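Have a look at data_34.txt below; it lists compact mmCIF, C-alpha atoms.
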```
# COMPACT_ATOMS: atom_id res chain seq x y z
CA MET B 287 78.38 54.27 -32.68
CA GLU B 288 76.98 52.61 -35.83
CA ARG B 289 75.83 49.58 -33.77
CA THR B 290 73.93 51.86 -31.41
CA ARG B 291 72.15 53.55 -34.34
CA THR B 292 71.25 50.17 -35.85
CA ARG B 293 69.76 48.91 -32.55
CA LEU B 294 67.82 52.13 -32.18
CA ARG B 295 66.36 51.77 -35.68
CA LEU B 296 65.38 48.13 -35.01
CA THR B 297 63.73 49.13 -31.73
CA LEU B 298 61.68 51.85 -33.44
CA ILE B 299 60.68 49.56 -36.31
CA THR B 300 59.61 46.84 -33.86
CA ALA B 301 57.58 49.31 -31.79
CA LEU B 302 55.85 50.66 -34.90
CA ALA B 303 55.06 47.13 -36.12
CA VAL B 304 53.57 46.15 -32.76
CA ALA B 305 51.51 49.34 -32.69
CA LEU B 306 50.26 48.75 -36.24
CA ILE B 307 49.31 45.10 -35.57
CA THR B 308 47.54 46.07 -32.33
CA THR B 309 45.62 48.86 -34.06
CA LEU B 310 44.44 46.54 -36.85
CA GLY B 311 43.36 43.92 -34.31
CA PHE B 312 45.65 41.16 -35.53
CA ALA B 313 47.46 40.56 -32.26
CA GLY B 314 46.95 37.06 -30.86
CA GLY B 315 45.95 38.48 -27.47
CA ASP B 316 43.01 40.40 -28.98
CA THR B 317 41.11 37.32 -30.16
CA VAL B 318 39.20 35.07 -27.77
CA LYS B 319 37.95 31.59 -28.52
CA TRP B 320 34.95 29.87 -26.98
CA LYS B 321 34.42 26.15 -27.41
CA VAL B 322 30.67 25.64 -27.66
CA ARG B 323 29.23 22.13 -27.27
CA VAL B 324 25.77 20.59 -27.43
CA GLN B 325 25.04 17.30 -25.65
CA PRO B 326 23.53 15.08 -26.81
CA SER B 327 24.13 16.29 -30.35
CA GLY B 328 20.55 15.62 -31.39
CA GLY B 329 18.94 17.30 -28.39
CA GLY B 330 19.08 20.89 -29.57
CA THR B 331 21.19 23.69 -31.01
CA VAL B 332 23.05 26.78 -29.85
CA GLU B 333 22.55 29.84 -32.02
CA TRP B 334 25.21 32.52 -31.58
CA GLU B 335 25.96 36.05 -32.72
CA THR B 336 29.04 38.23 -32.08
CA SER B 337 29.22 42.02 -32.14
CA SER B 338 32.83 42.23 -33.34
CA PRO B 339 33.26 41.02 -35.94
CA GLN B 340 29.55 40.82 -36.71
CA ARG B 341 28.96 37.13 -37.35
CA ASP B 342 26.45 34.45 -36.44
CA GLY B 343 26.02 30.72 -36.70
CA VAL B 344 24.47 27.57 -35.26
CA VAL B 345 26.21 24.85 -33.25
CA THR B 346 24.72 21.36 -33.46
CA GLY B 347 27.61 19.37 -32.02
CA SER B 348 30.85 21.13 -31.15
CA LYS B 349 32.42 24.30 -32.56
CA VAL B 350 35.03 26.91 -31.68
CA VAL B 351 33.67 30.45 -31.97
CA SER B 352 36.32 33.16 -32.35
CA PHE B 353 35.72 36.89 -31.92
CA ASP B 354 37.40 40.08 -30.74
CA ARG B 355 38.26 40.65 -27.11
CA GLY B 356 35.77 43.06 -25.56
CA ALA B 357 32.97 42.07 -27.95
CA ASP B 358 29.53 40.77 -26.94
CA LEU B 359 28.47 37.17 -27.54
CA ASP B 360 24.73 36.51 -27.75
CA VAL B 361 23.59 32.90 -27.47
CA TRP B 362 20.19 31.23 -27.80
CA PHE B 363 19.64 27.65 -26.62
CA VAL B 364 17.01 25.90 -28.73
CA ALA B 365 15.66 22.49 -27.69
CA LYS B 366 14.44 20.18 -30.43
CA PRO B 367 10.91 18.66 -30.21
CA GLY B 368 10.86 16.04 -27.47
CA TYR B 369 13.78 17.60 -25.57
CA GLU B 370 14.25 20.30 -22.95
CA LEU B 371 17.24 22.41 -21.88
CA VAL B 372 18.51 21.41 -18.43
CA SER B 373 21.97 22.98 -18.10
CA VAL B 374 24.23 25.70 -19.51
CA ASP B 375 27.74 25.33 -18.14
CA LYS B 376 30.31 28.07 -18.67
CA GLY B 377 33.64 26.93 -17.33
CA GLY B 378 32.04 25.24 -14.32
CA GLN B 379 29.45 27.98 -13.69
CA GLU B 380 25.78 27.08 -14.15
CA MET B 381 24.11 29.74 -16.28
CA VAL B 382 20.70 28.21 -17.02
CA TYR B 383 19.07 30.22 -14.23
CA PHE B 384 20.15 33.51 -15.80
CA LEU B 385 18.57 32.94 -19.22
CA ASP B 386 15.64 35.09 -20.31
CA ILE B 387 12.24 33.77 -21.39
CA PHE B 388 13.69 33.03 -24.83
CA ASP B 389 16.52 30.89 -23.36
CA HIS B 390 18.93 33.65 -24.39
CA PHE B 391 21.89 35.31 -22.67
CA THR B 392 24.39 38.02 -23.61
CA PHE B 393 27.98 37.49 -22.51
CA GLY B 394 30.05 40.61 -22.65
CA PRO B 395 32.20 42.50 -22.87
CA VAL B 396 34.10 39.21 -23.15
CA GLU B 397 37.73 39.31 -22.03
CA GLY B 398 38.73 35.64 -22.01
CA SER B 399 38.23 32.24 -23.59
CA HIS B 400 35.78 29.74 -22.11
CA ASP B 401 34.08 26.41 -22.65
CA LEU B 402 30.28 26.63 -23.01
CA THR B 403 28.25 23.40 -22.83
CA ALA B 404 24.49 23.16 -23.34
CA THR B 405 22.85 19.98 -22.07
CA PHE B 406 19.42 18.79 -23.22
CA LYS B 407 17.41 15.76 -22.11
CA PRO B 408 14.39 13.90 -23.52
CA VAL B 409 11.04 14.96 -22.14
CA MET B 410 9.09 12.01 -20.79
CA PRO B 411 5.43 12.71 -21.68
CA SER B 412 3.93 11.12 -18.56
CA GLY B 413 0.29 11.72 -17.70
CA VAL B 414 -3.22 10.91 -18.87
CA PHE B 415 -4.27 12.20 -22.28
CA GLU B 416 -7.85 12.18 -23.60
CA LEU B 417 -7.91 12.24 -27.39
CA VAL B 418 -11.34 12.81 -28.93
CA ALA B 419 -11.67 12.17 -32.64
CA PRO B 420 -12.52 15.45 -34.41
CA THR B 421 -15.51 15.50 -36.74
CA GLY B 422 -15.10 16.43 -40.38
CA ASP B 423 -11.35 15.62 -40.45
CA MET B 424 -10.75 13.26 -43.37
CA ASP B 425 -7.30 12.31 -42.05
CA VAL B 426 -8.78 10.78 -38.87
CA PRO B 427 -10.33 7.29 -39.05
CA ARG B 428 -14.12 7.43 -38.86
CA MET B 429 -16.24 4.91 -37.00
CA CYS B 430 -19.96 4.29 -36.96
CA ASP B 431 -22.33 2.14 -34.90
CA LEU B 432 -25.90 1.39 -35.98
CA THR B 433 -27.18 -0.47 -32.92
CA GLY B 434 -30.64 0.77 -31.93
CA SER B 435 -34.36 0.84 -32.71
CA TYR B 436 -35.56 2.14 -36.06
CA THR B 437 -39.11 3.14 -36.94
CA GLY B 438 -40.48 5.07 -39.90
CA THR B 439 -41.92 4.83 -43.39
CA SER B 440 -40.10 3.13 -46.25
CA PRO B 441 -39.01 5.40 -49.14
CA THR B 442 -40.77 3.16 -51.65
CA LYS B 443 -43.92 3.30 -53.81
CA HIS B 444 -46.10 1.65 -51.16
CA ALA B 445 -44.66 3.71 -48.25
CA ARG B 446 -44.87 0.94 -45.69
CA ARG B 447 -44.43 1.50 -41.99
CA TYR B 448 -41.55 -0.41 -40.42
CA ALA B 449 -40.10 -1.07 -36.97
CA PHE B 450 -36.75 -2.82 -36.51
CA ASP B 451 -34.19 -3.41 -33.80
CA ALA B 452 -30.63 -3.53 -35.13
CA ALA B 453 -27.47 -4.83 -33.50
CA MET B 454 -23.96 -4.32 -34.81
CA ASP B 455 -20.97 -6.27 -33.47
CA GLU B 456 -17.29 -5.31 -33.31
CA THR B 457 -16.66 -6.67 -36.81
CA GLY B 458 -19.33 -4.44 -38.35
CA LYS B 459 -21.86 -7.25 -38.89
CA VAL B 460 -25.45 -5.98 -38.67
CA THR B 461 -28.37 -8.17 -37.54
CA VAL B 462 -31.99 -6.99 -37.50
CA MET B 463 -35.34 -8.14 -36.12
CA GLY B 464 -38.69 -6.49 -36.75
CA ASN B 465 -41.59 -6.10 -39.12
CA VAL B 466 -42.87 -4.19 -42.13
CA ALA B 467 -46.56 -3.41 -42.59
CA GLY B 468 -48.17 -5.91 -44.99
CA ILE B 469 -45.05 -8.08 -45.23
CA GLU B 470 -45.01 -11.49 -43.50
CA PRO B 471 -42.22 -14.06 -43.76
CA LYS B 472 -42.97 -17.69 -44.52
CA GLY B 473 -44.09 -19.38 -41.33
CA GLY B 474 -45.08 -16.09 -39.75
CA GLY B 475 -43.37 -14.07 -37.03
CA GLU B 476 -40.86 -11.30 -37.44
CA ILE B 477 -38.36 -10.63 -40.17
CA ALA B 478 -34.97 -11.47 -38.68
CA GLY B 479 -31.40 -12.25 -39.60
CA ALA B 480 -28.05 -10.83 -40.62
CA ILE B 481 -28.42 -8.27 -43.38
CA GLY B 482 -24.84 -7.24 -44.09
CA LYS B 483 -21.85 -5.38 -42.80
CA VAL B 484 -20.45 -1.89 -42.29
CA LYS B 485 -17.10 -1.50 -44.02
CA THR B 486 -14.75 1.41 -44.53
CA VAL B 487 -14.68 2.46 -48.18
CA GLY B 488 -12.58 5.47 -49.14
CA GLY B 489 -12.30 6.46 -45.49
CA THR B 490 -16.10 6.44 -45.04
CA PRO B 491 -18.12 3.85 -43.07
CA THR B 492 -20.35 2.22 -45.69
CA LEU B 493 -23.28 -0.14 -45.21
CA ASP B 494 -23.49 -3.06 -47.63
CA ALA B 495 -26.76 -4.86 -46.86
CA LYS B 496 -28.27 -7.87 -48.65
CA GLY B 497 -31.23 -10.10 -47.96
CA LYS B 498 -33.70 -12.64 -49.32
CA PHE B 499 -37.40 -12.93 -48.58
CA ALA B 500 -40.06 -15.58 -48.97
CA GLY B 501 -43.56 -15.09 -47.64
CA THR B 502 -46.52 -12.87 -48.44
CA ARG B 503 -47.07 -9.24 -49.40
CA ASP B 504 -50.54 -8.02 -48.47
CA GLY B 505 -51.64 -11.66 -48.37
CA ILE B 506 -50.20 -12.51 -51.79
CA ALA B 507 -47.30 -14.93 -52.17
CA ALA B 508 -44.05 -13.05 -52.70
CA SER B 509 -40.34 -13.75 -52.85
CA GLY B 510 -37.21 -11.98 -53.88
CA SER B 511 -33.83 -10.56 -53.01
CA ALA B 512 -32.50 -7.05 -52.54
CA SER B 513 -29.33 -5.15 -51.72
CA VAL B 514 -28.73 -1.65 -50.38
CA ALA B 515 -25.40 0.20 -50.35
CA GLY B 516 -24.59 3.66 -49.06
CA PRO B 517 -22.92 5.68 -46.32
CA ALA B 518 -23.60 4.30 -42.85
CA GLU B 519 -23.39 7.84 -41.50
CA LEU B 520 -26.34 10.19 -41.87
CA GLN B 521 -25.92 13.00 -44.36
CA GLY B 522 -27.01 16.62 -44.69
CA PRO B 523 -26.43 19.70 -42.48
CA ALA B 524 -28.77 18.31 -39.81
CA ARG B 525 -27.32 14.80 -40.05
CA ASN B 526 -30.78 13.30 -40.50
CA THR B 527 -30.75 12.04 -44.10
CA ALA B 528 -30.07 8.44 -45.13
CA GLU B 529 -28.83 7.91 -48.67
CA GLY B 530 -27.94 4.93 -50.81
CA SER B 531 -28.83 2.85 -53.82
CA LEU B 532 -31.28 -0.07 -54.02
CA THR B 533 -31.15 -3.11 -56.29
CA TYR B 534 -33.90 -5.72 -56.14
CA LYS B 535 -35.39 -8.71 -57.95
CA ALA B 536 -38.75 -10.01 -56.75
CA LYS B 537 -42.00 -11.72 -57.65
CA ALA B 538 -45.45 -11.11 -56.17
CA GLY B 539 -48.53 -13.05 -57.21
CA GLY B 540 -46.47 -14.57 -60.00
CA VAL B 541 -45.62 -11.16 -61.45
CA PRO B 542 -41.87 -10.43 -61.62
CA PHE B 543 -40.40 -6.99 -61.12
CA ARG B 544 -36.86 -5.74 -60.72
CA ASP B 545 -34.68 -2.63 -60.74
CA LYS B 546 -31.04 -1.77 -60.30
CA ASN B 547 -29.15 1.01 -58.49
CA VAL B 548 -32.25 3.01 -57.67
CA PRO B 549 -31.27 6.13 -55.67
CA VAL B 550 -32.79 6.11 -52.18
CA ARG B 551 -32.99 9.17 -49.97
CA THR B 552 -35.07 9.60 -46.85
CA THR B 553 -35.20 11.85 -43.81
CA VAL B 554 -35.20 10.04 -40.47
CA THR B 555 -36.71 11.03 -37.15
CA PRO B 556 -34.53 12.46 -34.34
CA ALA B 557 -34.96 9.20 -32.44
CA THR B 558 -33.61 7.23 -35.40
CA ALA B 559 -30.79 9.70 -36.00
CA ALA B 560 -29.70 9.27 -32.37
CA ASN B 561 -29.03 5.58 -33.07
CA VAL B 562 -26.28 6.38 -35.58
CA ARG B 563 -23.31 7.08 -33.32
CA THR B 564 -19.93 8.18 -34.67
CA ALA B 565 -18.07 9.62 -31.66
CA TRP B 566 -15.02 7.75 -30.40
CA SER B 567 -12.01 8.56 -28.23
CA ILE B 568 -8.71 7.28 -26.93
CA ARG B 569 -7.47 7.52 -23.35
CA LEU B 570 -3.67 7.29 -23.27
CA THR B 571 -1.95 6.77 -19.92
CA MET B 572 1.83 7.21 -19.89
CA VAL B 573 3.96 6.63 -16.79
CA GLU B 574 7.66 7.29 -16.23
CA HIS B 575 9.45 4.62 -14.18
CA ALA B 576 12.79 4.80 -12.40
CA SER B 577 15.20 2.11 -13.53
CA LYS B 578 17.29 -0.02 -11.24
CA LYS B 579 21.07 0.21 -10.95
CA GLY B 580 21.18 3.85 -12.03
CA ARG B 581 19.97 3.27 -15.57
CA LYS B 582 17.90 5.74 -17.53
CA PRO B 583 14.19 5.96 -16.66
CA TYR B 584 11.76 4.24 -18.99
CA LEU B 585 8.21 4.85 -20.15
CA THR B 586 5.11 2.65 -20.22
CA ALA B 587 1.81 3.26 -21.95
CA ALA B 588 -1.71 1.87 -21.66
CA VAL B 589 -4.59 2.66 -24.00
CA THR B 590 -8.37 2.58 -23.66
CA LEU B 591 -10.34 2.88 -26.89
CA ARG B 592 -13.98 3.92 -26.48
CA LEU B 593 -16.06 2.87 -29.45
CA PRO B 594 -19.15 4.71 -30.73
CA ASN B 595 -21.44 2.14 -29.07
CA GLY B 596 -19.86 2.82 -25.68
CA ASP B 597 -17.80 -0.37 -25.53
CA ARG B 598 -14.23 -0.06 -24.31
CA LEU B 599 -11.23 -1.93 -25.59
CA GLU B 600 -8.34 -2.11 -23.12
CA PHE B 601 -4.76 -2.37 -24.31
CA ALA B 602 -2.54 -3.47 -21.43
CA GLU B 603 0.36 -1.39 -20.17
CA LYS B 604 3.61 -2.05 -21.96
CA LYS B 605 7.07 -0.53 -22.24
CA VAL B 606 7.37 1.95 -25.07
CA ARG B 607 10.19 3.86 -26.75
CA TYR B 608 10.10 7.62 -27.04
```
Encoded form using structure tokens:
Amino acid sequence: MERTRTRLRLTLITALAVALITTLGFAGGDTVKWKVRVQPSGGGTVEWETSSPQRDGVVTGSKVVSFDRGADLDVWFVAKPGYELVSVDKGGQEMVYFLDIFDHFTFGPVEGSHDLTATFKPVMPSGVFELVAPTGDMDVPRMCDLTGSYTGTSPTKHARRYAFDAAMDETGKVTVMGNVAGIEPKGGGEIAGAIGKVKTVGGTPTLDAKGKFAGTRDGIAASGSASVAGPAELQGPARNTAEGSLTYKAKAGGVPFRDKNVPVRTTVTPATAANVRTAWSIRLTMVEHASKKGRKPYLTAAVTLRLPNGDRLEFAEKKVRY
């Protein structure tokens, strides 16, 4: 009789304990576990959020996410720059086609454990891309070409008319040929020769010109040397103002005269302004190629650089890493 009572008490205690554990949600059967994986590990992340208990997190490699049976599991699949999401496998079932526009899906109410694998792959940026250098952006290299015909009046005391043809090569070297009213080189003919070079100083194309002269000025023997330095690009809102500084040392009719770092500023004609070209662009051609023997595809790139003077520099196609 006493044994029967003891068994009965044990049965009741066990039943109460099971009921209590179940009510509090501690029973092993009330917790589900999902193994979430990202491949490759650097291709993206899986952001998750559970409704019971309310928790969230981010998976970058592999993680087991535990939550209550019957709860909802929200997941967002986020590709890193240069990658795209290609597959979401839940226990052998492809789910990528059921994602919303935010690459999100709600699983629930969840009743069992599963494996969830998100697969990303690199995006091959194949195509033709035209990249035009923006104006006014100090972070972008600036180029300038001065080839053209220049006519006008010198910004000097005697205001002499001039007419010059200028040519600038790919190294920035500037050569001129022309004449200035009242100025004649020794032996006659036109004033000609290399006068200097355009260099980049502080991110700005800068003209550094120097020259020597021997001949006549208004029929009087004259000689001397001079240098001009300043931005090769035209200045001002209308882009029609040339600025710089002039240093010279000369002699005319036996009378010497000199000056140093004299500010020079002059407005040029529209025809002259059109000679100063600064626009340049890059044409980038990228092609994806299939590899032999089942290897990963590879990428090649070719570049065409169009200079301000219209010349094109071709960089041959070569294999690149992305």
### B:Leu599, B:Ala445, B:Ala452, B:Ala419 ranked by distance to B:Thr552, top pick (using all atoms listed in the file)
B:Ala445
Spatial neighbours of B:Val372, max dist 7 Å, only C-alpha atoms, sep filter under 5 positions, as a PDB file with C-alpha atoms, in the coordinates of the input:
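What landed in result_13.pdb:
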```
ATOM      1  CA  THR B 405      22.850  19.980 -22.070  1.00  0.00           C
ATOM      2  CA  PHE B 406      19.420  18.790 -23.220  1.00  0.00           C
ATOM      3  CA  LYS B 407      17.410  15.760 -22.110  1.00  0.00           C
TER       4      LYS B 407
END
```
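Applying the 8 Å criterion to (9.7, 2.1, -18.7) in file coordinates and using all atoms listed in the file, one obtains the residues Val573, Glu574, His575, Ala576, Ser577, Pro583, Tyr584, Leu585, Thr586, Lys605 and Val606 of chain B.
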### Task
Please measure the separation of atom CA of B:Val364 and atom CA of B:Arg323, giving the value in Å to one decimal.
12.9 Å
### Task
Within 9 Å of stretch 531-547 of chain B, counting all atoms listed in the file, which residues show up once you throw out same-chain ones fewer than 6 positions away? Write them as a PyMOL selection string, please.
chain B and resi 499+502-503+506-516
### Message
One decimal, in Å: what's the spacing between atom CA of B:Asp354 and atom CA of B:Pro339?
### Response
6.7 Å
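We find atom CA of B:Ala357 and atom CA of B:Thr336 to be spaced 6.9 Å apart.
The residue that comes closest to B:Lys366, out of B:Thr346, B:Gly497, B:Val351, B:Val382 and on the basis of only C-alpha atoms, is B:Thr346.
Checking B:Arg446, B:Gly328, B:Ser440, B:Ala524 one by one against B:Pro556, counting all atoms listed in the file, you find the shortest gap at B:Ala524.
Considering only C-alpha atoms, the residue among B:Pro411, B:Gly596, B:Gly458, B:Gly479 positioned nearest to B:Thr571 is B:Pro411.
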### Task
Find the residues around B:Tyr448 up to 7 Å (only C-alpha atoms counted), leave out those fewer than 4 positions away in its own chain, and share them as an MDAnalysis selection string.
chainID B and resid 437:440 465:467
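Nearest residue to B:Asp401 among B:Arg341, B:Lys319, B:Lys472, B:Lys443 is B:Lys319, counting all atoms listed in the file.
Proximity ranking of B:Met454, B:Ala365, B:Leu493, B:Ile568 relative to B:Val418 places B:Ile568 first, based on all atoms listed in the file.
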